[in-house]
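What follows is one structure encoded as structure tokens, with my remarks underneath.
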Amino acid sequence: MTGLAERFGAAILGSFVSCGDTIVEVAASRAHEVLTWLRDAPDQSFDYLVDVTAVDYRDPERPIEVVYQLRSLERKVDLRVKIPLDKRQPLEVDSVCDLWKGANWLEREVFDLFGVKFRGHPDLRRILMWETYAEGHPLRKDFPLRGHFTRAEQTRQALAANPEAHYSLEELNLAEAYDELPADMRERLAKGERGFVR
């Protein structure tokens with residue numbers, strides 16, 4: 001990745017090969033610019049975003065890394081881009097939804113489970129945990145194994161959650177499982193609350 005280092009200088013924090021995978025570390029402040037170049041430069045053409053995830057190491061001094069797995073379909077080459085985020089600072093990086101539409105739900109998952117905020121994301125909200133989930137971000141290493149609340153409190157909150165207040169019918173995929181829903185939820189949907197009509 002010599003061209004990358006020459007072009008972006010100090011924004012490239014390092015690059016190495018591990019188990020046959022090329023990995024580049026990029027400063028968060030220039031991550032969007034670097035990822036744009038990797039997608040658009042003719043000699044790079046990393047046109048396919050395979051995945052966006054994050055890694056939190058047990059060591060509290062190590063940063064959380066946002067990880068982009070890219071592929072150039074034409075060149076049949078893979079590249080992993082890591083963006084280290086200092087845990088003592090707000091965990092934020094620019095969204096890449098404008099570069100790859102497939103980043104939308106992937107970034108939402110990283111936000112939900114690790115607490116990383118993606119600036120400029122069109123709809124940054126939880127995707128796996130319910131919207132009112134108050135325990136934090138379950139894949140962080142500082143998250144207690146059994147959660148912050150007692151099992152009784154977790155159950156109470158889950159039962160009190162009102163998913164249709166936060167998600168559309170399509171997102172909940174209720175149409176196919178309507179008859180299996182709790183009676184009170186079927187009642188609310190039948191009344192057409194929040195615009196839902198059976």
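If you're wondering about the labels, chains in the structure tokens are A, B, ... by order shown, residues count from 1 in each chain, ligands from 1 in order shown.
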
Excluding range 23-30 of chain A and any residue of its chain fewer than 4 positions from it, enumerate the residues within 10 Å of it, using only C-alpha atoms, and give them as a PyMOL selection string. chain A and resi 1+4-5+8+10-18+34-35+65-69+78-86+91-94

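Those residues that approach Asp123 in chain A to within 10 Å, counting only C-alpha atoms, are Asn104, Trp105, Glu107, Arg108, Phe118, Gly120, His121, Arg125 and Arg126 of chain A; same-chain residues fewer than 2 positions away are not listed.
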
Include all heavy atoms and write out the residues we just selected as a compact mmCIF listing (two decimals), in the first residue's frame.
# COMPACT_ATOMS: atom_id res chain seq x y z
N ASN A 104 -25.28 1.01 5.52
CA ASN A 104 -26.33 1.52 6.38
C ASN A 104 -26.58 0.64 7.60
O ASN A 104 -26.38 1.06 8.74
CB ASN A 104 -27.63 1.70 5.57
CG ASN A 104 -28.69 2.46 6.32
OD1 ASN A 104 -28.90 2.26 7.51
ND2 ASN A 104 -29.38 3.33 5.62
N TRP A 105 -27.01 -0.58 7.40
CA TRP A 105 -27.34 -1.46 8.53
C TRP A 105 -26.08 -1.95 9.23
O TRP A 105 -26.10 -2.22 10.43
CB TRP A 105 -28.21 -2.62 8.06
CG TRP A 105 -29.64 -2.21 7.87
CD1 TRP A 105 -30.11 -0.95 7.63
CD2 TRP A 105 -30.77 -3.06 7.90
NE1 TRP A 105 -31.47 -0.97 7.50
CE2 TRP A 105 -31.91 -2.24 7.66
CE3 TRP A 105 -30.95 -4.42 8.09
CZ2 TRP A 105 -33.20 -2.76 7.63
CZ3 TRP A 105 -32.25 -4.93 8.05
CH2 TRP A 105 -33.35 -4.11 7.83
N GLU A 107 -23.34 -0.18 9.80
CA GLU A 107 -22.96 0.88 10.74
C GLU A 107 -23.94 0.94 11.91
O GLU A 107 -23.53 1.19 13.05
CB GLU A 107 -22.89 2.23 10.02
CG GLU A 107 -21.71 2.33 9.08
CD GLU A 107 -21.59 3.66 8.37
OE1 GLU A 107 -22.53 4.49 8.44
OE2 GLU A 107 -20.54 3.89 7.74
N ARG A 108 -25.21 0.70 11.65
CA ARG A 108 -26.19 0.68 12.74
C ARG A 108 -25.86 -0.44 13.73
O ARG A 108 -26.01 -0.27 14.94
CB ARG A 108 -27.60 0.49 12.19
CG ARG A 108 -28.20 1.75 11.59
CD ARG A 108 -29.58 1.52 11.04
NE ARG A 108 -30.52 1.09 12.07
CZ ARG A 108 -31.75 0.65 11.81
NH1 ARG A 108 -32.19 0.60 10.57
NH2 ARG A 108 -32.55 0.29 12.80
N PHE A 118 -21.65 7.18 13.86
CA PHE A 118 -21.22 7.44 12.49
C PHE A 118 -21.83 8.76 12.03
O PHE A 118 -23.03 8.84 11.75
CB PHE A 118 -21.65 6.28 11.58
CG PHE A 118 -20.91 5.01 11.87
CD1 PHE A 118 -21.40 4.12 12.83
CD2 PHE A 118 -19.73 4.71 11.23
CE1 PHE A 118 -20.72 2.95 13.12
CE2 PHE A 118 -19.03 3.54 11.52
CZ PHE A 118 -19.53 2.66 12.47
N GLY A 120 -23.16 11.68 9.97
CA GLY A 120 -23.73 11.75 8.63
C GLY A 120 -24.54 10.53 8.24
O GLY A 120 -25.06 10.46 7.11
N HIS A 121 -24.69 9.56 9.14
CA HIS A 121 -25.51 8.38 8.83
C HIS A 121 -26.97 8.82 8.68
O HIS A 121 -27.46 9.62 9.47
CB HIS A 121 -25.37 7.35 9.95
CG HIS A 121 -25.99 6.03 9.61
ND1 HIS A 121 -27.36 5.83 9.63
CD2 HIS A 121 -25.44 4.85 9.25
CE1 HIS A 121 -27.62 4.58 9.29
NE2 HIS A 121 -26.48 3.96 9.05
N ARG A 125 -29.75 4.45 14.43
CA ARG A 125 -30.50 4.00 15.61
C ARG A 125 -30.23 2.52 15.79
O ARG A 125 -29.67 1.87 14.92
CB ARG A 125 -32.00 4.28 15.45
CG ARG A 125 -32.61 3.62 14.25
CD ARG A 125 -34.02 4.16 13.97
NE ARG A 125 -34.45 3.77 12.65
CZ ARG A 125 -35.38 2.85 12.41
NH1 ARG A 125 -35.96 2.22 13.39
NH2 ARG A 125 -35.71 2.56 11.17
N ARG A 126 -30.62 2.01 16.94
CA ARG A 126 -30.37 0.59 17.23
C ARG A 126 -31.01 -0.30 16.17
O ARG A 126 -32.03 0.05 15.59
CB ARG A 126 -30.91 0.25 18.62
CG ARG A 126 -30.08 0.86 19.73
CD ARG A 126 -30.52 0.29 21.07
NE ARG A 126 -29.75 0.83 22.18
CZ ARG A 126 -28.60 0.35 22.62
NH1 ARG A 126 -28.04 -0.68 22.04
NH2 ARG A 126 -27.98 0.90 23.64

So how far away is CA of Leu106 in chain A from CA of Ala161 in chain A, in Å? 23.4 Å

To test your reading of the structure, identify every residue in chain A that backbone DSSP assigns to alpha helix (DSSP H), and report it as an MDAnalysis selection string. chainID A and resid 2:8 31:40 103:114 151:160 169:172 183:190

Save the residues we just selected, C-alpha atoms, as a PDB file, in the first residue's frame?
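To be explicit, this is the file written out as result.pdb:
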ATOM      1  CA  THR A   2       2.836   2.334  -0.851  1.00  0.00           C
ATOM      2  CA  GLY A   3       0.628   4.645  -2.923  1.00  0.00           C
ATOM      3  CA  LEU A   4      -1.685   5.113   0.031  1.00  0.00           C
ATOM      4  CA  ALA A   5       1.115   6.207   2.359  1.00  0.00           C
ATOM      5  CA  GLU A   6       2.563   8.547  -0.285  1.00  0.00           C
ATOM      6  CA  ARG A   7      -0.807  10.148  -0.930  1.00  0.00           C
ATOM      7  CA  PHE A   8      -2.106  10.471   2.648  1.00  0.00           C
ATOM      8  CA  ALA A  31     -10.947   7.877   7.136  1.00  0.00           C
ATOM      9  CA  HIS A  32     -13.739   8.989   4.785  1.00  0.00           C
ATOM     10  CA  GLU A  33     -11.251  10.651   2.431  1.00  0.00           C
ATOM     11  CA  VAL A  34      -9.041   7.543   2.348  1.00  0.00           C
ATOM     12  CA  LEU A  35     -11.998   5.186   1.829  1.00  0.00           C
ATOM     13  CA  THR A  36     -13.307   7.409  -0.984  1.00  0.00           C
ATOM     14  CA  TRP A  37      -9.925   7.244  -2.713  1.00  0.00           C
ATOM     15  CA  LEU A  38      -9.755   3.461  -2.262  1.00  0.00           C
ATOM     16  CA  ARG A  39     -13.150   3.159  -3.932  1.00  0.00           C
ATOM     17  CA  ASP A  40     -12.663   5.696  -6.733  1.00  0.00           C
ATOM     18  CA  ALA A 103     -23.000   0.327   4.998  1.00  0.00           C
ATOM     19  CA  ASN A 104     -26.333   1.520   6.381  1.00  0.00           C
ATOM     20  CA  TRP A 105     -27.338  -1.456   8.530  1.00  0.00           C
ATOM     21  CA  LEU A 106     -23.722  -2.493   9.142  1.00  0.00           C
ATOM     22  CA  GLU A 107     -22.956   0.876  10.741  1.00  0.00           C
ATOM     23  CA  ARG A 108     -26.191   0.679  12.737  1.00  0.00           C
ATOM     24  CA  GLU A 109     -25.052  -2.679  14.121  1.00  0.00           C
ATOM     25  CA  VAL A 110     -21.666  -1.261  15.168  1.00  0.00           C
ATOM     26  CA  PHE A 111     -23.442   1.706  16.756  1.00  0.00           C
ATOM     27  CA  ASP A 112     -25.856  -0.578  18.609  1.00  0.00           C
ATOM     28  CA  LEU A 113     -23.350  -3.121  19.904  1.00  0.00           C
ATOM     29  CA  PHE A 114     -20.197  -0.996  20.369  1.00  0.00           C
ATOM     30  CA  ARG A 151     -32.659 -10.491  35.100  1.00  0.00           C
ATOM     31  CA  ALA A 152     -36.008  -9.408  36.566  1.00  0.00           C
ATOM     32  CA  GLU A 153     -35.423  -5.799  35.455  1.00  0.00           C
ATOM     33  CA  GLN A 154     -34.229  -6.914  32.011  1.00  0.00           C
ATOM     34  CA  THR A 155     -37.373  -9.021  31.590  1.00  0.00           C
ATOM     35  CA  ARG A 156     -39.595  -6.155  32.782  1.00  0.00           C
ATOM     36  CA  GLN A 157     -38.003  -3.757  30.287  1.00  0.00           C
ATOM     37  CA  ALA A 158     -38.223  -6.247  27.416  1.00  0.00           C
ATOM     38  CA  LEU A 159     -41.905  -6.920  28.091  1.00  0.00           C
ATOM     39  CA  ALA A 160     -42.631  -3.199  28.399  1.00  0.00           C
ATOM     40  CA  LEU A 169     -44.222  -3.066   9.813  1.00  0.00           C
ATOM     41  CA  GLU A 170     -41.650  -4.068   7.204  1.00  0.00           C
ATOM     42  CA  GLU A 171     -38.794  -3.859   9.705  1.00  0.00           C
ATOM     43  CA  LEU A 172     -40.603  -5.990  12.229  1.00  0.00           C
ATOM     44  CA  ALA A 183     -52.966 -10.198  21.716  1.00  0.00           C
ATOM     45  CA  ASP A 184     -52.332  -6.621  22.892  1.00  0.00           C
ATOM     46  CA  MET A 185     -49.942  -5.968  20.009  1.00  0.00           C
ATOM     47  CA  ARG A 186     -52.410  -7.425  17.477  1.00  0.00           C
ATOM     48  CA  GLU A 187     -55.065  -5.143  18.989  1.00  0.00           C
ATOM     49  CA  ARG A 188     -52.883  -2.038  18.630  1.00  0.00           C
ATOM     50  CA  LEU A 189     -52.013  -2.958  15.051  1.00  0.00           C
ATOM     51  CA  ALA A 190     -55.663  -3.647  14.196  1.00  0.00           C
TER      52      ALA A 190
END

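For the set A:Arg88, A:Thr150, A:Met129, A:Arg140, the residue with the smallest atom-to-atom gap to Glu61 in chain A is A:Arg88, counting only C-alpha atoms.
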
Which parts of range 7-106 of chain A does DSSP call strand (DSSP E) when run on the backbone here, written out as a PDB file with N, CA, C and O atoms, in the first residue's frame?
ATOM      1  N   ILE A  12      -2.010   7.691   7.397  1.00  0.00           N
ATOM      2  CA  ILE A  12      -1.829   6.238   7.358  1.00  0.00           C
ATOM      3  C   ILE A  12      -0.954   5.869   8.545  1.00  0.00           C
ATOM      4  O   ILE A  12       0.241   6.152   8.580  1.00  0.00           O
ATOM      5  N   LEU A  13      -1.561   5.238   9.537  1.00  0.00           N
ATOM      6  CA  LEU A  13      -0.867   4.938  10.798  1.00  0.00           C
ATOM      7  C   LEU A  13      -0.010   3.693  10.710  1.00  0.00           C
ATOM      8  O   LEU A  13       0.859   3.474  11.546  1.00  0.00           O
ATOM      9  N   GLY A  14      -0.243   2.871   9.709  1.00  0.00           N
ATOM     10  CA  GLY A  14       0.551   1.662   9.536  1.00  0.00           C
ATOM     11  C   GLY A  14      -0.109   0.738   8.540  1.00  0.00           C
ATOM     12  O   GLY A  14      -1.289   0.876   8.227  1.00  0.00           O
ATOM     13  N   SER A  15       0.664  -0.190   8.028  1.00  0.00           N
ATOM     14  CA  SER A  15       0.120  -1.222   7.144  1.00  0.00           C
ATOM     15  C   SER A  15       0.968  -2.463   7.300  1.00  0.00           C
ATOM     16  O   SER A  15       2.171  -2.389   7.563  1.00  0.00           O
ATOM     17  N   PHE A  16       0.313  -3.608   7.187  1.00  0.00           N
ATOM     18  CA  PHE A  16       1.024  -4.875   7.345  1.00  0.00           C
ATOM     19  C   PHE A  16       0.196  -5.989   6.728  1.00  0.00           C
ATOM     20  O   PHE A  16      -0.968  -5.792   6.361  1.00  0.00           O
ATOM     21  N   VAL A  17       0.804  -7.149   6.603  1.00  0.00           N
ATOM     22  CA  VAL A  17       0.119  -8.338   6.097  1.00  0.00           C
ATOM     23  C   VAL A  17       0.070  -9.338   7.235  1.00  0.00           C
ATOM     24  O   VAL A  17       1.072  -9.602   7.894  1.00  0.00           O
ATOM     25  N   SER A  18      -1.109  -9.880   7.479  1.00  0.00           N
ATOM     26  CA  SER A  18      -1.283 -10.879   8.529  1.00  0.00           C
ATOM     27  C   SER A  18      -2.109 -12.028   7.976  1.00  0.00           C
ATOM     28  O   SER A  18      -3.220 -11.810   7.473  1.00  0.00           O
ATOM     29  N   ASP A  21      -3.663 -11.462   4.709  1.00  0.00           N
ATOM     30  CA  ASP A  21      -4.561 -10.311   4.554  1.00  0.00           C
ATOM     31  C   ASP A  21      -3.789  -9.007   4.661  1.00  0.00           C
ATOM     32  O   ASP A  21      -2.999  -8.821   5.584  1.00  0.00           O
ATOM     33  N   THR A  22      -4.034  -8.089   3.731  1.00  0.00           N
ATOM     34  CA  THR A  22      -3.426  -6.766   3.798  1.00  0.00           C
ATOM     35  C   THR A  22      -4.300  -5.888   4.690  1.00  0.00           C
ATOM     36  O   THR A  22      -5.508  -5.782   4.481  1.00  0.00           O
ATOM     37  N   ILE A  23      -3.663  -5.261   5.669  1.00  0.00           N
ATOM     38  CA  ILE A  23      -4.373  -4.450   6.657  1.00  0.00           C
ATOM     39  C   ILE A  23      -3.732  -3.068   6.702  1.00  0.00           C
ATOM     40  O   ILE A  23      -2.514  -2.941   6.756  1.00  0.00           O
ATOM     41  N   VAL A  24      -4.582  -2.041   6.683  1.00  0.00           N
ATOM     42  CA  VAL A  24      -4.116  -0.658   6.740  1.00  0.00           C
ATOM     43  C   VAL A  24      -4.816   0.026   7.899  1.00  0.00           C
ATOM     44  O   VAL A  24      -6.031  -0.114   8.062  1.00  0.00           O
ATOM     45  N   GLU A  25      -4.055   0.758   8.715  1.00  0.00           N
ATOM     46  CA  GLU A  25      -4.633   1.542   9.803  1.00  0.00           C
ATOM     47  C   GLU A  25      -4.659   3.010   9.390  1.00  0.00           C
ATOM     48  O   GLU A  25      -3.651   3.548   8.936  1.00  0.00           O
ATOM     49  N   VAL A  26      -5.825   3.636   9.560  1.00  0.00           N
ATOM     50  CA  VAL A  26      -6.038   5.000   9.078  1.00  0.00           C
ATOM     51  C   VAL A  26      -6.577   5.861  10.220  1.00  0.00           C
ATOM     52  O   VAL A  26      -7.428   5.422  10.992  1.00  0.00           O
ATOM     53  N   TYR A  48     -16.556  -2.841  -3.564  1.00  0.00           N
ATOM     54  CA  TYR A  48     -17.499  -3.658  -2.797  1.00  0.00           C
ATOM     55  C   TYR A  48     -17.148  -3.609  -1.310  1.00  0.00           C
ATOM     56  O   TYR A  48     -16.037  -3.959  -0.917  1.00  0.00           O
ATOM     57  N   LEU A  49     -18.088  -3.140  -0.500  1.00  0.00           N
ATOM     58  CA  LEU A  49     -17.921  -3.145   0.950  1.00  0.00           C
ATOM     59  C   LEU A  49     -18.460  -4.469   1.468  1.00  0.00           C
ATOM     60  O   LEU A  49     -19.664  -4.711   1.462  1.00  0.00           O
ATOM     61  N   VAL A  50     -17.569  -5.339   1.906  1.00  0.00           N
ATOM     62  CA  VAL A  50     -17.958  -6.671   2.376  1.00  0.00           C
ATOM     63  C   VAL A  50     -18.575  -6.588   3.764  1.00  0.00           C
ATOM     64  O   VAL A  50     -19.606  -7.202   4.043  1.00  0.00           O
ATOM     65  N   ASP A  51     -17.957  -5.793   4.650  1.00  0.00           N
ATOM     66  CA  ASP A  51     -18.432  -5.739   6.034  1.00  0.00           C
ATOM     67  C   ASP A  51     -17.902  -4.494   6.733  1.00  0.00           C
ATOM     68  O   ASP A  51     -16.880  -3.937   6.334  1.00  0.00           O
ATOM     69  N   VAL A  52     -18.646  -4.071   7.747  1.00  0.00           N
ATOM     70  CA  VAL A  52     -18.178  -3.067   8.698  1.00  0.00           C
ATOM     71  C   VAL A  52     -18.415  -3.671  10.066  1.00  0.00           C
ATOM     72  O   VAL A  52     -19.520  -4.138  10.349  1.00  0.00           O
ATOM     73  N   THR A  53     -17.397  -3.695  10.895  1.00  0.00           N
ATOM     74  CA  THR A  53     -17.551  -4.213  12.246  1.00  0.00           C
ATOM     75  C   THR A  53     -16.632  -3.421  13.161  1.00  0.00           C
ATOM     76  O   THR A  53     -16.073  -2.402  12.764  1.00  0.00           O
ATOM     77  N   ALA A  54     -16.490  -3.885  14.386  1.00  0.00           N
ATOM     78  CA  ALA A  54     -15.584  -3.226  15.325  1.00  0.00           C
ATOM     79  C   ALA A  54     -14.954  -4.284  16.215  1.00  0.00           C
ATOM     80  O   ALA A  54     -15.467  -5.398  16.336  1.00  0.00           O
ATOM     81  N   VAL A  55     -13.847  -3.910  16.827  1.00  0.00           N
ATOM     82  CA  VAL A  55     -13.147  -4.792  17.756  1.00  0.00           C
ATOM     83  C   VAL A  55     -12.827  -3.987  19.013  1.00  0.00           C
ATOM     84  O   VAL A  55     -12.285  -2.888  18.924  1.00  0.00           O
ATOM     85  N   ILE A  64     -10.692   1.144  20.467  1.00  0.00           N
ATOM     86  CA  ILE A  64     -11.681   0.350  19.731  1.00  0.00           C
ATOM     87  C   ILE A  64     -11.369   0.571  18.259  1.00  0.00           C
ATOM     88  O   ILE A  64     -11.076   1.694  17.841  1.00  0.00           O
ATOM     89  N   GLU A  65     -11.400  -0.481  17.473  1.00  0.00           N
ATOM     90  CA  GLU A  65     -11.110  -0.359  16.045  1.00  0.00           C
ATOM     91  C   GLU A  65     -12.390  -0.586  15.238  1.00  0.00           C
ATOM     92  O   GLU A  65     -13.057  -1.605  15.412  1.00  0.00           O
ATOM     93  N   VAL A  66     -12.721   0.384  14.402  1.00  0.00           N
ATOM     94  CA  VAL A  66     -13.780   0.173  13.416  1.00  0.00           C
ATOM     95  C   VAL A  66     -13.090  -0.448  12.206  1.00  0.00           C
ATOM     96  O   VAL A  66     -12.053   0.046  11.753  1.00  0.00           O
ATOM     97  N   VAL A  67     -13.647  -1.556  11.707  1.00  0.00           N
ATOM     98  CA  VAL A  67     -12.975  -2.330  10.665  1.00  0.00           C
ATOM     99  C   VAL A  67     -13.855  -2.399   9.417  1.00  0.00           C
ATOM    100  O   VAL A  67     -15.020  -2.790   9.481  1.00  0.00           O
ATOM    101  N   TYR A  68     -13.274  -1.986   8.287  1.00  0.00           N
ATOM    102  CA  TYR A  68     -13.944  -2.053   6.989  1.00  0.00           C
ATOM    103  C   TYR A  68     -13.261  -3.136   6.170  1.00  0.00           C
ATOM    104  O   TYR A  68     -12.047  -3.083   5.971  1.00  0.00           O
ATOM    105  N   GLN A  69     -14.032  -4.103   5.702  1.00  0.00           N
ATOM    106  CA  GLN A  69     -13.488  -5.148   4.838  1.00  0.00           C
ATOM    107  C   GLN A  69     -13.911  -4.803   3.413  1.00  0.00           C
ATOM    108  O   GLN A  69     -15.104  -4.780   3.101  1.00  0.00           O
ATOM    109  N   LEU A  70     -12.933  -4.488   2.568  1.00  0.00           N
ATOM    110  CA  LEU A  70     -13.203  -4.047   1.193  1.00  0.00           C
ATOM    111  C   LEU A  70     -12.746  -5.104   0.192  1.00  0.00           C
ATOM    112  O   LEU A  70     -11.833  -5.871   0.467  1.00  0.00           O
ATOM    113  N   ARG A  71     -13.382  -5.076  -0.976  1.00  0.00           N
ATOM    114  CA  ARG A  71     -12.963  -5.977  -2.054  1.00  0.00           C
ATOM    115  C   ARG A  71     -13.054  -5.235  -3.374  1.00  0.00           C
ATOM    116  O   ARG A  71     -14.005  -4.509  -3.648  1.00  0.00           O
ATOM    117  N   SER A  72     -12.045  -5.440  -4.193  1.00  0.00           N
ATOM    118  CA  SER A  72     -12.092  -4.971  -5.571  1.00  0.00           C
ATOM    119  C   SER A  72     -12.564  -6.161  -6.405  1.00  0.00           C
ATOM    120  O   SER A  72     -11.828  -7.140  -6.570  1.00  0.00           O
ATOM    121  N   VAL A  77      -9.112  -8.527  -5.232  1.00  0.00           N
ATOM    122  CA  VAL A  77      -8.185  -8.211  -4.142  1.00  0.00           C
ATOM    123  C   VAL A  77      -8.998  -7.732  -2.941  1.00  0.00           C
ATOM    124  O   VAL A  77      -9.967  -6.995  -3.092  1.00  0.00           O
ATOM    125  N   ASP A  78      -8.572  -8.178  -1.756  1.00  0.00           N
ATOM    126  CA  ASP A  78      -9.227  -7.755  -0.512  1.00  0.00           C
ATOM    127  C   ASP A  78      -8.322  -6.813   0.264  1.00  0.00           C
ATOM    128  O   ASP A  78      -7.096  -6.896   0.181  1.00  0.00           O
ATOM    129  N   LEU A  79      -8.953  -5.947   1.054  1.00  0.00           N
ATOM    130  CA  LEU A  79      -8.205  -5.018   1.892  1.00  0.00           C
ATOM    131  C   LEU A  79      -9.004  -4.776   3.164  1.00  0.00           C
ATOM    132  O   LEU A  79     -10.219  -4.559   3.105  1.00  0.00           O
ATOM    133  N   ARG A  80      -8.327  -4.826   4.296  1.00  0.00           N
ATOM    134  CA  ARG A  80      -8.959  -4.515   5.578  1.00  0.00           C
ATOM    135  C   ARG A  80      -8.438  -3.162   6.044  1.00  0.00           C
ATOM    136  O   ARG A  80      -7.230  -2.946   6.118  1.00  0.00           O
ATOM    137  N   VAL A  81      -9.370  -2.259   6.336  1.00  0.00           N
ATOM    138  CA  VAL A  81      -9.013  -0.921   6.809  1.00  0.00           C
ATOM    139  C   VAL A  81      -9.483  -0.797   8.251  1.00  0.00           C
ATOM    140  O   VAL A  81     -10.664  -0.997   8.539  1.00  0.00           O
ATOM    141  N   LYS A  82      -8.544  -0.467   9.148  1.00  0.00           N
ATOM    142  CA  LYS A  82      -8.878  -0.316  10.564  1.00  0.00           C
ATOM    143  C   LYS A  82      -8.775   1.156  10.963  1.00  0.00           C
ATOM    144  O   LYS A  82      -7.788   1.814  10.633  1.00  0.00           O
ATOM    145  N   ILE A  83      -9.790   1.624  11.691  1.00  0.00           N
ATOM    146  CA  ILE A  83      -9.807   2.998  12.180  1.00  0.00           C
ATOM    147  C   ILE A  83      -9.783   2.932  13.708  1.00  0.00           C
ATOM    148  O   ILE A  83     -10.790   2.580  14.328  1.00  0.00           O
ATOM    149  N   PRO A  84      -8.644   3.230  14.338  1.00  0.00           N
ATOM    150  CA  PRO A  84      -8.601   3.189  15.800  1.00  0.00           C
ATOM    151  C   PRO A  84      -9.282   4.410  16.418  1.00  0.00           C
ATOM    152  O   PRO A  84      -9.087   5.537  15.961  1.00  0.00           O
ATOM    153  N   LEU A  85     -10.116   4.165  17.442  1.00  0.00           N
ATOM    154  CA  LEU A  85     -10.821   5.228  18.153  1.00  0.00           C
ATOM    155  C   LEU A  85     -10.463   5.160  19.633  1.00  0.00           C
ATOM    156  O   LEU A  85     -10.693   4.132  20.279  1.00  0.00           O
ATOM    157  N   GLU A  92     -16.420   8.336  17.485  1.00  0.00           N
ATOM    158  CA  GLU A  92     -17.083   8.868  16.292  1.00  0.00           C
ATOM    159  C   GLU A  92     -16.177   8.754  15.067  1.00  0.00           C
ATOM    160  O   GLU A  92     -14.965   8.946  15.166  1.00  0.00           O
ATOM    161  N   VAL A  93     -16.820   8.466  13.951  1.00  0.00           N
ATOM    162  CA  VAL A  93     -16.137   8.435  12.660  1.00  0.00           C
ATOM    163  C   VAL A  93     -17.195   8.766  11.608  1.00  0.00           C
ATOM    164  O   VAL A  93     -18.394   8.578  11.857  1.00  0.00           O
ATOM    165  N   ASP A  94     -16.768   9.275  10.461  1.00  0.00           N
ATOM    166  CA  ASP A  94     -17.732   9.619   9.407  1.00  0.00           C
ATOM    167  C   ASP A  94     -18.350   8.360   8.812  1.00  0.00           C
ATOM    168  O   ASP A  94     -17.666   7.355   8.595  1.00  0.00           O
TER     169      ASP A  94
END
